[in-house]
>>> print(open('final19.json').read())   # JSON, C-alpha atoms
[["chain", "number", "residue", "atom", "x", "y", "z"],
["V", 1, "MET", "CA", 21.20, -49.40, -18.59],
["V", 2, "GLU", "CA", 19.28, -46.89, -20.66],
["V", 3, "GLN", "CA", 17.01, -44.60, -18.70],
["V", 4, "THR", "CA", 13.46, -44.19, -19.88],
["V", 5, "LEU", "CA", 11.07, -41.40, -19.02],
["V", 6, "SER", "CA", 7.93, -42.01, -17.08],
["V", 7, "PHE", "CA", 5.12, -39.54, -16.63],
["V", 8, "GLU", "CA", 2.56, -39.07, -13.89],
["V", 9, "PHE", "CA", -0.82, -37.64, -14.84],
["V", 10, "GLU", "CA", -2.81, -35.87, -12.15],
["V", 11, "ASN", "CA", -6.36, -34.64, -12.71],
["V", 12, "GLU", "CA", -6.11, -31.16, -11.17],
["V", 13, "PHE", "CA", -9.60, -29.98, -12.07],
["V", 14, "VAL", "CA", -12.56, -31.93, -13.45],
["V", 15, "GLN", "CA", -15.74, -29.99, -14.23],
["V", 16, "ASN", "CA", -19.04, -31.20, -15.60],
["V", 17, "THR", "CA", -20.46, -28.92, -18.32],
["V", 18, "GLU", "CA", -22.38, -29.11, -21.57],
["V", 19, "ARG", "CA", -20.55, -30.93, -24.37],
["V", 20, "VAL", "CA", -17.18, -29.26, -24.97],
["V", 21, "LYS", "CA", -16.12, -29.01, -28.63],
["V", 22, "SER", "CA", -13.17, -26.66, -28.17],
["V", 23, "VAL", "CA", -10.65, -25.78, -25.44],
["V", 24, "ASP", "CA", -7.94, -23.12, -25.45],
["V", 25, "LEU", "CA", -5.55, -22.16, -22.65],
["V", 26, "HIS", "CA", -4.66, -18.48, -22.26],
["V", 27, "PRO", "CA", -0.88, -17.91, -22.64],
["V", 28, "THR", "CA", -0.48, -15.91, -19.40],
["V", 29, "GLN", "CA", -3.72, -16.02, -17.34],
["V", 30, "PRO", "CA", -4.95, -19.21, -15.60],
["V", 31, "TRP", "CA", -7.91, -19.39, -17.98],
["V", 32, "ILE", "CA", -9.44, -22.08, -20.12],
["V", 33, "LEU", "CA", -11.78, -21.01, -22.92],
["V", 34, "LEU", "CA", -14.54, -23.47, -23.77],
["V", 35, "GLY", "CA", -16.57, -23.65, -26.95],
["V", 36, "LEU", "CA", -19.76, -25.51, -26.08],
["V", 37, "TYR", "CA", -22.17, -27.46, -28.24],
["V", 38, "SER", "CA", -24.97, -25.49, -26.56],
["V", 39, "GLY", "CA", -23.82, -22.28, -28.34],
["V", 40, "THR", "CA", -22.04, -20.78, -25.33],
["V", 41, "VAL", "CA", -18.45, -19.66, -24.82],
["V", 42, "SER", "CA", -17.17, -19.83, -21.28],
["V", 43, "ILE", "CA", -13.97, -18.83, -19.49],
["V", 44, "TRP", "CA", -13.03, -20.83, -16.38],
["V", 45, "ASN", "CA", -10.21, -20.02, -13.98],
["V", 46, "TYR", "CA", -8.47, -23.32, -13.31],
["V", 47, "GLN", "CA", -6.69, -21.98, -10.21],
["V", 48, "THR", "CA", -9.84, -20.85, -8.41],
["V", 49, "LYS", "CA", -11.85, -23.60, -10.17],
["V", 50, "SER", "CA", -14.64, -21.17, -10.96],
["V", 51, "GLU", "CA", -16.37, -19.90, -14.08],
["V", 52, "GLU", "CA", -15.41, -16.27, -14.60],
["V", 53, "LYS", "CA", -17.31, -15.43, -17.77],
["V", 54, "SER", "CA", -19.95, -16.99, -19.95],
["V", 55, "LEU", "CA", -21.81, -15.78, -22.99],
["V", 56, "LYS", "CA", -24.43, -17.39, -25.20],
["V", 57, "VAL", "CA", -23.20, -16.47, -28.67],
["V", 58, "SER", "CA", -25.51, -18.58, -30.83],
["V", 59, "GLU", "CA", -28.32, -21.11, -30.84],
["V", 60, "SER", "CA", -25.90, -23.30, -32.82],
["V", 61, "PRO", "CA", -22.86, -25.24, -31.53],
["V", 62, "VAL", "CA", -19.55, -23.45, -31.03],
["V", 63, "ARG", "CA", -17.04, -25.80, -32.65],
["V", 64, "SER", "CA", -13.96, -23.60, -32.25],
["V", 65, "ALA", "CA", -13.10, -20.76, -29.86],
["V", 66, "LYS", "CA", -9.65, -19.23, -29.44],
["V", 67, "PHE", "CA", -8.00, -16.53, -27.40],
["V", 68, "ILE", "CA", -6.34, -13.70, -29.33],
["V", 69, "ALA", "CA", -4.48, -12.63, -26.20],
["V", 70, "ARG", "CA", -2.53, -9.76, -27.74],
["V", 71, "GLU", "CA", -5.83, -8.00, -28.47],
["V", 72, "ASN", "CA", -7.73, -9.20, -25.35],
["V", 73, "TRP", "CA", -10.16, -10.96, -27.67],
["V", 74, "ILE", "CA", -11.80, -14.30, -28.14],
["V", 75, "VAL", "CA", -12.90, -15.47, -31.57],
["V", 76, "ALA", "CA", -15.63, -18.09, -31.91],
["V", 77, "ALA", "CA", -17.01, -20.02, -34.89],
["V", 78, "THR", "CA", -20.43, -21.61, -34.91],
["V", 79, "ASP", "CA", -22.69, -23.82, -37.00],
["V", 80, "ASP", "CA", -24.75, -20.79, -38.06],
["V", 81, "LYS", "CA", -21.71, -19.99, -40.27],
["V", 82, "TYR", "CA", -20.76, -16.86, -38.31],
["V", 83, "ILE", "CA", -17.41, -15.91, -36.86],
["V", 84, "ARG", "CA", -17.81, -13.63, -33.82],
["V", 85, "VAL", "CA", -15.16, -11.65, -31.96],
["V", 86, "TYR", "CA", -15.50, -10.46, -28.35],
["V", 87, "ASN", "CA", -13.43, -8.41, -25.96],
["V", 88, "TYR", "CA", -12.93, -10.86, -23.12],
["V", 89, "ASP", "CA", -12.59, -8.16, -20.44],
["V", 90, "LYS", "CA", -16.18, -7.02, -20.89],
["V", 91, "MET", "CA", -17.49, -9.84, -23.10],
["V", 92, "GLU", "CA", -18.65, -7.20, -25.57],
["V", 93, "LYS", "CA", -19.02, -8.15, -29.21],
["V", 94, "ILE", "CA", -16.55, -6.41, -31.50],
["V", 95, "VAL", "CA", -17.69, -7.84, -34.82],
["V", 96, "GLU", "CA", -19.51, -10.73, -36.44],
["V", 97, "PHE", "CA", -19.43, -11.82, -40.07],
["V", 98, "GLU", "CA", -20.66, -14.65, -42.25],
["V", 99, "GLU", "CA", -18.92, -15.77, -45.41],
["V", 100, "HIS", "CA", -18.69, -19.53, -45.14],
["V", 101, "LYS", "CA", -21.58, -21.47, -46.66],
["V", 102, "ASP", "CA", -21.65, -24.27, -44.05],
["V", 103, "TYR", "CA", -20.57, -25.15, -40.50],
["V", 104, "ILE", "CA", -17.19, -23.76, -39.40],
["V", 105, "ARG", "CA", -15.10, -26.54, -37.83],
["V", 106, "SER", "CA", -11.83, -24.91, -36.86],
["V", 107, "LEU", "CA", -10.05, -21.61, -36.27],
["V", 108, "ALA", "CA", -6.30, -20.99, -36.05],
["V", 109, "VAL", "CA", -4.75, -17.71, -34.93],
["V", 110, "HIS", "CA", -1.47, -16.65, -36.55],
["V", 111, "PRO", "CA", 1.28, -16.36, -33.91],
["V", 112, "LEU", "CA", 2.54, -12.98, -35.17],
["V", 113, "LEU", "CA", 0.41, -11.43, -37.90],
["V", 114, "PRO", "CA", -3.21, -10.17, -37.53],
["V", 115, "TYR", "CA", -4.59, -13.29, -39.22],
["V", 116, "VAL", "CA", -7.14, -15.95, -38.43],
["V", 117, "VAL", "CA", -7.69, -18.98, -40.64],
["V", 118, "SER", "CA", -11.07, -20.75, -40.67],
["V", 119, "ALA", "CA", -12.01, -24.19, -42.00],
["V", 120, "SER", "CA", -15.51, -25.21, -42.98],
["V", 121, "ASP", "CA", -17.79, -27.96, -44.20],
["V", 122, "ASP", "CA", -18.09, -25.88, -47.40],
["V", 123, "GLN", "CA", -14.63, -27.37, -48.25],
["V", 124, "VAL", "CA", -13.04, -23.90, -48.24],
["V", 125, "ILE", "CA", -10.42, -22.42, -45.91],
["V", 126, "LYS", "CA", -10.48, -18.64, -45.47],
["V", 127, "LEU", "CA", -7.85, -16.17, -44.26],
["V", 128, "TRP", "CA", -9.07, -13.14, -42.31],
["V", 129, "ASN", "CA", -7.09, -9.96, -41.54],
["V", 130, "TRP", "CA", -8.38, -8.14, -38.47],
["V", 131, "LYS", "CA", -6.27, -5.06, -39.27],
["V", 132, "GLU", "CA", -8.33, -4.75, -42.48],
["V", 133, "ASP", "CA", -11.73, -4.86, -40.76],
["V", 134, "TRP", "CA", -11.69, -8.65, -40.73],
["V", 135, "SER", "CA", -11.75, -8.79, -44.51],
["V", 136, "CYS", "CA", -11.28, -12.16, -46.17],
["V", 137, "VAL", "CA", -7.93, -11.82, -47.96],
["V", 138, "GLU", "CA", -7.61, -15.37, -49.35],
["V", 139, "ASN", "CA", -9.64, -18.48, -50.09],
["V", 140, "PHE", "CA", -7.84, -21.83, -50.10],
["V", 141, "GLU", "CA", -9.55, -24.46, -52.21],
["V", 142, "GLY", "CA", -8.62, -28.05, -53.00],
["V", 143, "HIS", "CA", -10.30, -30.29, -50.45],
["V", 144, "SER", "CA", -13.24, -32.38, -51.67],
["V", 145, "HIS", "CA", -15.01, -32.87, -48.31],
["V", 146, "TYR", "CA", -15.42, -31.07, -44.97],
["V", 147, "VAL", "CA", -12.26, -29.37, -43.66],
["V", 148, "MET", "CA", -12.05, -30.38, -40.01],
["V", 149, "GLN", "CA", -8.98, -28.59, -38.66],
["V", 150, "VAL", "CA", -6.29, -26.08, -39.57],
["V", 151, "ALA", "CA", -2.98, -25.49, -37.78],
["V", 152, "PHE", "CA", -0.18, -22.99, -38.42],
["V", 153, "ASN", "CA", 3.38, -24.25, -38.80],
["V", 154, "PRO", "CA", 5.22, -22.93, -35.71],
["V", 155, "GLN", "CA", 8.58, -23.05, -37.52],
["V", 156, "ASP", "CA", 7.26, -21.26, -40.59],
["V", 157, "PRO", "CA", 3.93, -19.54, -39.88],
["V", 158, "SER", "CA", 3.63, -18.41, -43.49],
["V", 159, "THR", "CA", 2.41, -21.98, -44.02],
["V", 160, "PHE", "CA", -0.32, -24.08, -42.41],
["V", 161, "ALA", "CA", -1.80, -27.57, -42.57],
["V", 162, "SER", "CA", -5.39, -28.74, -42.97],
["V", 163, "ALA", "CA", -7.16, -32.03, -42.26],
["V", 164, "SER", "CA", -10.23, -33.12, -44.19],
["V", 165, "LEU", "CA", -12.82, -35.86, -44.36],
["V", 166, "ASP", "CA", -11.61, -36.40, -47.95],
["V", 167, "GLY", "CA", -8.88, -38.48, -46.25],
["V", 168, "THR", "CA", -6.02, -36.07, -46.87],
["V", 169, "LEU", "CA", -3.83, -33.50, -45.20],
["V", 170, "LYS", "CA", -2.86, -30.48, -47.26],
["V", 171, "ILE", "CA", -0.08, -27.97, -46.72],
["V", 172, "TRP", "CA", -0.70, -24.39, -47.81],
["V", 173, "SER", "CA", 1.21, -21.14, -48.12],
["V", 174, "LEU", "CA", -0.60, -17.96, -47.06],
["V", 175, "ASP", "CA", 0.17, -16.32, -50.41],
["V", 176, "SER", "CA", -1.35, -19.03, -52.64],
["V", 177, "SER", "CA", -4.89, -20.33, -52.96],
["V", 178, "VAL", "CA", -3.72, -23.78, -54.08],
["V", 179, "PRO", "CA", -2.01, -26.35, -51.84],
["V", 180, "LYS", "CA", 1.76, -26.80, -51.79],
["V", 181, "PHE", "CA", 1.37, -30.56, -51.33],
["V", 182, "THR", "CA", -0.99, -33.27, -50.13],
["V", 183, "LEU", "CA", -0.43, -36.21, -47.77],
["V", 184, "GLU", "CA", -2.50, -39.34, -48.31],
["V", 185, "GLY", "CA", -2.53, -42.57, -46.35],
["V", 186, "HIS", "CA", -5.52, -42.71, -44.01],
["V", 187, "ASN", "CA", -8.33, -45.07, -44.99],
["V", 188, "LYS", "CA", -11.07, -42.67, -43.86],
["V", 189, "GLY", "CA", -11.57, -38.98, -43.13],
["V", 190, "VAL", "CA", -8.95, -37.02, -41.20],
["V", 191, "ASN", "CA", -10.21, -35.05, -38.20],
["V", 192, "CYS", "CA", -7.13, -33.39, -36.77],
["V", 193, "VAL", "CA", -3.61, -32.20, -37.54],
["V", 194, "ASP", "CA", -0.67, -30.76, -35.61],
["V", 195, "TYR", "CA", 3.02, -30.09, -36.11],
["V", 196, "PHE", "CA", 5.80, -31.41, -33.96],
["V", 197, "ILE", "CA", 9.59, -31.33, -33.78],
["V", 198, "SER", "CA", 11.77, -34.22, -32.69],
["V", 199, "ASN", "CA", 15.58, -34.16, -32.74],
["V", 200, "GLY", "CA", 15.51, -31.05, -34.92],
["V", 201, "LYS", "CA", 13.26, -32.63, -37.56],
["V", 202, "GLN", "CA", 9.76, -31.48, -38.32],
["V", 203, "TYR", "CA", 6.83, -33.89, -38.44],
["V", 204, "LEU", "CA", 3.10, -33.72, -38.92],
["V", 205, "LEU", "CA", 0.55, -35.60, -36.84],
["V", 206, "SER", "CA", -2.90, -36.64, -38.01],
["V", 207, "GLY", "CA", -5.87, -38.46, -36.50],
["V", 208, "SER", "CA", -8.61, -40.19, -38.45],
["V", 209, "ASP", "CA", -11.97, -41.93, -38.53],
["V", 210, "ASP", "CA", -9.97, -45.07, -39.42],
["V", 211, "TYR", "CA", -9.19, -45.21, -35.63],
["V", 212, "THR", "CA", -5.48, -44.50, -36.20],
["V", 213, "ALA", "CA", -3.09, -41.60, -35.90],
["V", 214, "LYS", "CA", -0.14, -41.10, -38.22],
["V", 215, "VAL", "CA", 3.26, -39.42, -37.97],
["V", 216, "TRP", "CA", 4.54, -37.85, -41.19],
["V", 217, "ASP", "CA", 8.07, -36.73, -42.05],
["V", 218, "TYR", "CA", 7.51, -33.16, -43.23],
["V", 219, "GLN", "CA", 10.51, -33.10, -45.60],
["V", 220, "SER", "CA", 10.13, -36.50, -47.25],
["V", 221, "ARG", "CA", 6.30, -36.36, -47.00],
["V", 222, "ASN", "CA", 6.21, -40.02, -45.98],
["V", 223, "CYS", "CA", 4.25, -41.61, -43.17],
["V", 224, "VAL", "CA", 6.88, -42.88, -40.73],
["V", 225, "GLN", "CA", 4.58, -44.38, -38.09],
["V", 226, "THR", "CA", 0.95, -45.37, -37.57],
["V", 227, "LEU", "CA", -0.32, -45.22, -33.98],
["V", 228, "GLU", "CA", -2.88, -47.96, -33.45],
["V", 229, "GLY", "CA", -4.96, -48.78, -30.40],
["V", 230, "HIS", "CA", -8.00, -46.51, -30.29],
["V", 231, "GLU", "CA", -11.36, -48.24, -30.68],
["V", 232, "ASN", "CA", -13.17, -45.33, -32.32],
["V", 233, "ASN", "CA", -12.48, -42.16, -34.33],
["V", 234, "VAL", "CA", -9.41, -40.14, -33.36],
["V", 235, "SER", "CA", -10.82, -36.67, -32.76],
["V", 236, "ALA", "CA", -7.80, -34.64, -31.60],
["V", 237, "ILE", "CA", -4.02, -34.91, -31.65],
["V", 238, "CYS", "CA", -1.05, -32.90, -30.48],
["V", 239, "ALA", "CA", 2.57, -33.13, -29.46],
["V", 240, "HIS", "CA", 3.27, -31.72, -26.02],
["V", 241, "PRO", "CA", 5.27, -28.47, -26.44],
["V", 242, "GLU", "CA", 7.69, -29.28, -23.59],
["V", 243, "LEU", "CA", 7.72, -33.05, -23.13],
["V", 244, "PRO", "CA", 8.55, -35.84, -25.64],
["V", 245, "ILE", "CA", 5.01, -37.20, -25.84],
["V", 246, "ILE", "CA", 2.22, -37.31, -28.40],
["V", 247, "LEU", "CA", -1.39, -37.17, -27.23],
["V", 248, "THR", "CA", -4.36, -38.62, -29.10],
["V", 249, "ALA", "CA", -8.00, -38.20, -28.06],
["V", 250, "SER", "CA", -10.84, -40.34, -29.31],
["V", 251, "GLU", "CA", -14.55, -40.93, -29.41],
["V", 252, "ASP", "CA", -13.71, -44.17, -27.54],
["V", 253, "SER", "CA", -13.60, -41.90, -24.41],
["V", 254, "THR", "CA", -9.84, -42.26, -23.93],
["V", 255, "VAL", "CA", -6.69, -40.22, -24.34],
["V", 256, "LYS", "CA", -3.57, -42.15, -25.26],
["V", 257, "ILE", "CA", -0.04, -40.96, -24.49],
["V", 258, "TRP", "CA", 2.69, -42.07, -26.89],
["V", 259, "ASP", "CA", 6.47, -41.74, -26.67],
["V", 260, "ALA", "CA", 7.38, -39.13, -29.29],
["V", 261, "VAL", "CA", 10.70, -40.87, -30.07],
["V", 262, "THR", "CA", 9.87, -44.59, -30.06],
["V", 263, "TYR", "CA", 6.11, -44.10, -30.75],
["V", 264, "ARG", "CA", 5.33, -46.72, -28.11],
["V", 265, "LEU", "CA", 2.09, -46.38, -26.19],
["V", 266, "GLN", "CA", 2.91, -45.19, -22.66],
["V", 267, "THR", "CA", -0.47, -44.97, -20.99],
["V", 268, "THR", "CA", -4.20, -44.58, -21.57],
["V", 269, "LEU", "CA", -6.34, -42.07, -19.66],
["V", 270, "ASN", "CA", -10.10, -42.22, -19.22],
["V", 271, "PHE", "CA", -11.73, -39.30, -17.41],
["V", 272, "GLY", "CA", -15.20, -40.81, -17.30],
["V", 273, "LEU", "CA", -16.56, -37.87, -19.34],
["V", 274, "GLU", "CA", -17.45, -39.95, -22.41],
["V", 275, "ARG", "CA", -16.17, -38.91, -25.87],
["V", 276, "VAL", "CA", -13.08, -36.69, -25.94],
["V", 277, "TRP", "CA", -13.21, -33.98, -28.61],
["V", 278, "THR", "CA", -10.38, -31.55, -28.11],
["V", 279, "ILE", "CA", -6.96, -31.03, -26.50],
["V", 280, "GLY", "CA", -5.44, -27.76, -25.27],
["V", 281, "TYR", "CA", -1.94, -26.93, -24.09],
["V", 282, "LYS", "CA", 0.27, -23.91, -23.58],
["V", 283, "GLN", "CA", 3.95, -23.17, -24.01],
["V", 284, "GLY", "CA", 6.05, -23.42, -20.87],
["V", 285, "SER", "CA", 3.43, -25.34, -18.94],
["V", 286, "SER", "CA", 2.94, -28.96, -17.93],
["V", 287, "LYS", "CA", -0.84, -28.50, -17.94],
["V", 288, "LEU", "CA", -3.13, -30.02, -20.55],
["V", 289, "ALA", "CA", -6.83, -29.50, -21.10],
["V", 290, "PHE", "CA", -9.31, -31.97, -22.57],
["V", 291, "GLY", "CA", -12.87, -31.24, -23.66],
["V", 292, "CYS", "CA", -15.42, -34.05, -23.59],
["V", 293, "ASP", "CA", -19.12, -34.83, -23.89],
["V", 294, "LYS", "CA", -19.71, -34.34, -20.17],
["V", 295, "GLY", "CA", -17.24, -31.59, -19.30],
["V", 296, "PHE", "CA", -13.57, -30.73, -19.25],
["V", 297, "VAL", "CA", -10.49, -31.69, -17.27],
["V", 298, "ILE", "CA", -7.17, -29.98, -16.54],
["V", 299, "VAL", "CA", -4.35, -32.50, -16.21],
["V", 300, "LYS", "CA", -0.91, -31.78, -14.75],
["V", 301, "ILE", "CA", 1.95, -33.90, -16.05],
["V", 302, "SER", "CA", 4.98, -34.56, -13.89],
["V", 303, "GLU", "CA", 8.07, -36.26, -15.19],
["V", 304, "GLY", "CA", 10.05, -38.95, -13.43],
["V", 305, "ARG", "CA", 12.91, -41.18, -14.50],
["V", 306, "ILE", "CA", 12.90, -44.92, -14.03],
["V", 307, "GLN", "CA", 15.80, -47.27, -14.68]]
>>> encode(input="final19.json", output="structure tokens")
Amino acid sequence: MEQTLSFEFENEFVQNTERVKSVDLHPTQPWILLGLYSGTVSIWNYQTKSEEKSLKVSESPVRSAKFIARENWIVAATDDKYIRVYNYDKMEKIVEFEEHKDYIRSLAVHPLLPYVVSASDDQVIKLWNWKEDWSCVENFEGHSHYVMQVAFNPQDPSTFASASLDGTLKIWSLDSSVPKFTLEGHNKGVNCVDYFISNGKQYLLSGSDDYTAKVWDYQSRNCVQTLEGHENNVSAICAHPELPIILTASEDSTVKIWDAVTYRLQTTLNFGLERVWTIGYKQGSSKLAFGCDKGFVIVKISEGRIQ
């Protein structure tokens, strides 16, 4: 009889905070970085369950905040159109700059090169080089509505994907201002995008205001599966880096766990923290982080086999 995987989900740490729009887990320290709607960035230690650092960076919401661990920095983007960089040891500001013309929705840090990509409601994606005084070295144009998220391709980080409320995903190369190709299929705006690998093949994941998530074959550019079941907008999506599961988060206050091979729904989580906005994970770890209206939660996944 074929064995199937089962997963246990344990809430290790649940903390009430202001509305959390962004979470990021540090690659080596037991830290979660929060970007809060109140305009604050905060670093919590999820082992000691205590807030270690907090800084009010703006009167406007922080929609994306990321660690740049190799520089001991955090980078935060806010609705006042500024990107700000801080040394996280002393929480001292290194630089701030404003080039977008509207809210900044998403930041992605290149895994190797000194690059950050930002996505904005001004429909433009910008590439920043911190070794060149954070100069903007490329503008990527082609979306016709707000750009909600950007994500680098882990197999080929010279390329990245974007999700937009124009209903499309676009794939870009760092050396060209025009998209390589576009994926269409959602009935409404697309909020989130991530890459994932299954059986050696690369796929894209997307989540939409049409209440569905989609799995796309990266090579053929076709939608191979639609994940249905959420009762409101799908706000965040990712494939777990270690386990064969896909996670979707929604404004319906739930997180759904899907089998990354069969695409069957495995379980639904509800943390009682209202709308779920963001998912964080880290390589080599079974921990996941979720940011919600009423706070954040760290979840540990354990794997068991059932006949």
>>> closest_residue(input="final19.json", among="V:Ile197, V:Asp210, V:Trp128, V:Ala236", to="Gln149 in chain V", atoms="all atoms listed in the file")
V:Ala236
>>> residues_around(input="final19.json", residues="range 244-247 of chain V", least_positions_apart="4", cutoff="7 Å", atoms="only C-alpha atoms", output="count of residues only")
10
>>> closest_atom_pairs(input="final19.json", of="range 126-243 of chain V", to="range 60-83 of chain V", cutoff="12 Å", atoms="all atoms listed in the file", output="tab-separated table")
residue	atom	partner	partner_atom	distance
V:Lys126	CA	V:Ile83	CA	11.4
V:Trp128	CA	V:Ile83	CA	10.3
V:Trp130	CA	V:Glu71	CA	10.3
V:Lys131	CA	V:Glu71	CA	11.2
V:Trp134	CA	V:Ile83	CA	10.0
V:Ser135	CA	V:Ile83	CA	11.9
V:Cys136	CA	V:Ile83	CA	11.8
V:Met148	CA	V:Arg63	CA	10.0
V:Gln149	CA	V:Ser64	CA	9.5
V:Val150	CA	V:Ser64	CA	10.9
>>> closest_residue(input="final19.json", among="V:Asp166, V:Asp122, V:Glu99, V:Glu303", to="Phe9 in chain V", atoms="only C-alpha atoms")
V:Glu303
>>> atom_distance(input="final19.json", atom1="CA of Gly35 in chain V", atom2="CA of Val23 in chain V")
6.5 Å
>>> decode(input="final19.json", residues="range 124-135 of chain V", atoms="C-alpha atoms", output="PDB file, in the first residue's frame")
ATOM      1  CA  VAL V 124       7.134  50.040 -12.130  1.00  0.00           C
ATOM      2  CA  ILE V 125       9.697  47.590 -10.734  1.00  0.00           C
ATOM      3  CA  LYS V 126      13.112  49.022  -9.856  1.00  0.00           C
ATOM      4  CA  LEU V 127      16.513  47.390  -9.394  1.00  0.00           C
ATOM      5  CA  TRP V 128      18.834  48.917  -6.786  1.00  0.00           C
ATOM      6  CA  ASN V 129      22.587  48.276  -6.412  1.00  0.00           C
ATOM      7  CA  TRP V 130      23.834  48.952  -2.892  1.00  0.00           C
ATOM      8  CA  LYS V 131      27.476  48.757  -4.030  1.00  0.00           C
ATOM      9  CA  GLU V 132      26.727  51.798  -6.218  1.00  0.00           C
ATOM     10  CA  ASP V 133      25.274  53.941  -3.419  1.00  0.00           C
ATOM     11  CA  TRP V 134      21.864  52.338  -3.854  1.00  0.00           C
ATOM     12  CA  SER V 135      21.531  53.753  -7.347  1.00  0.00           C
TER      13      SER V 135
END
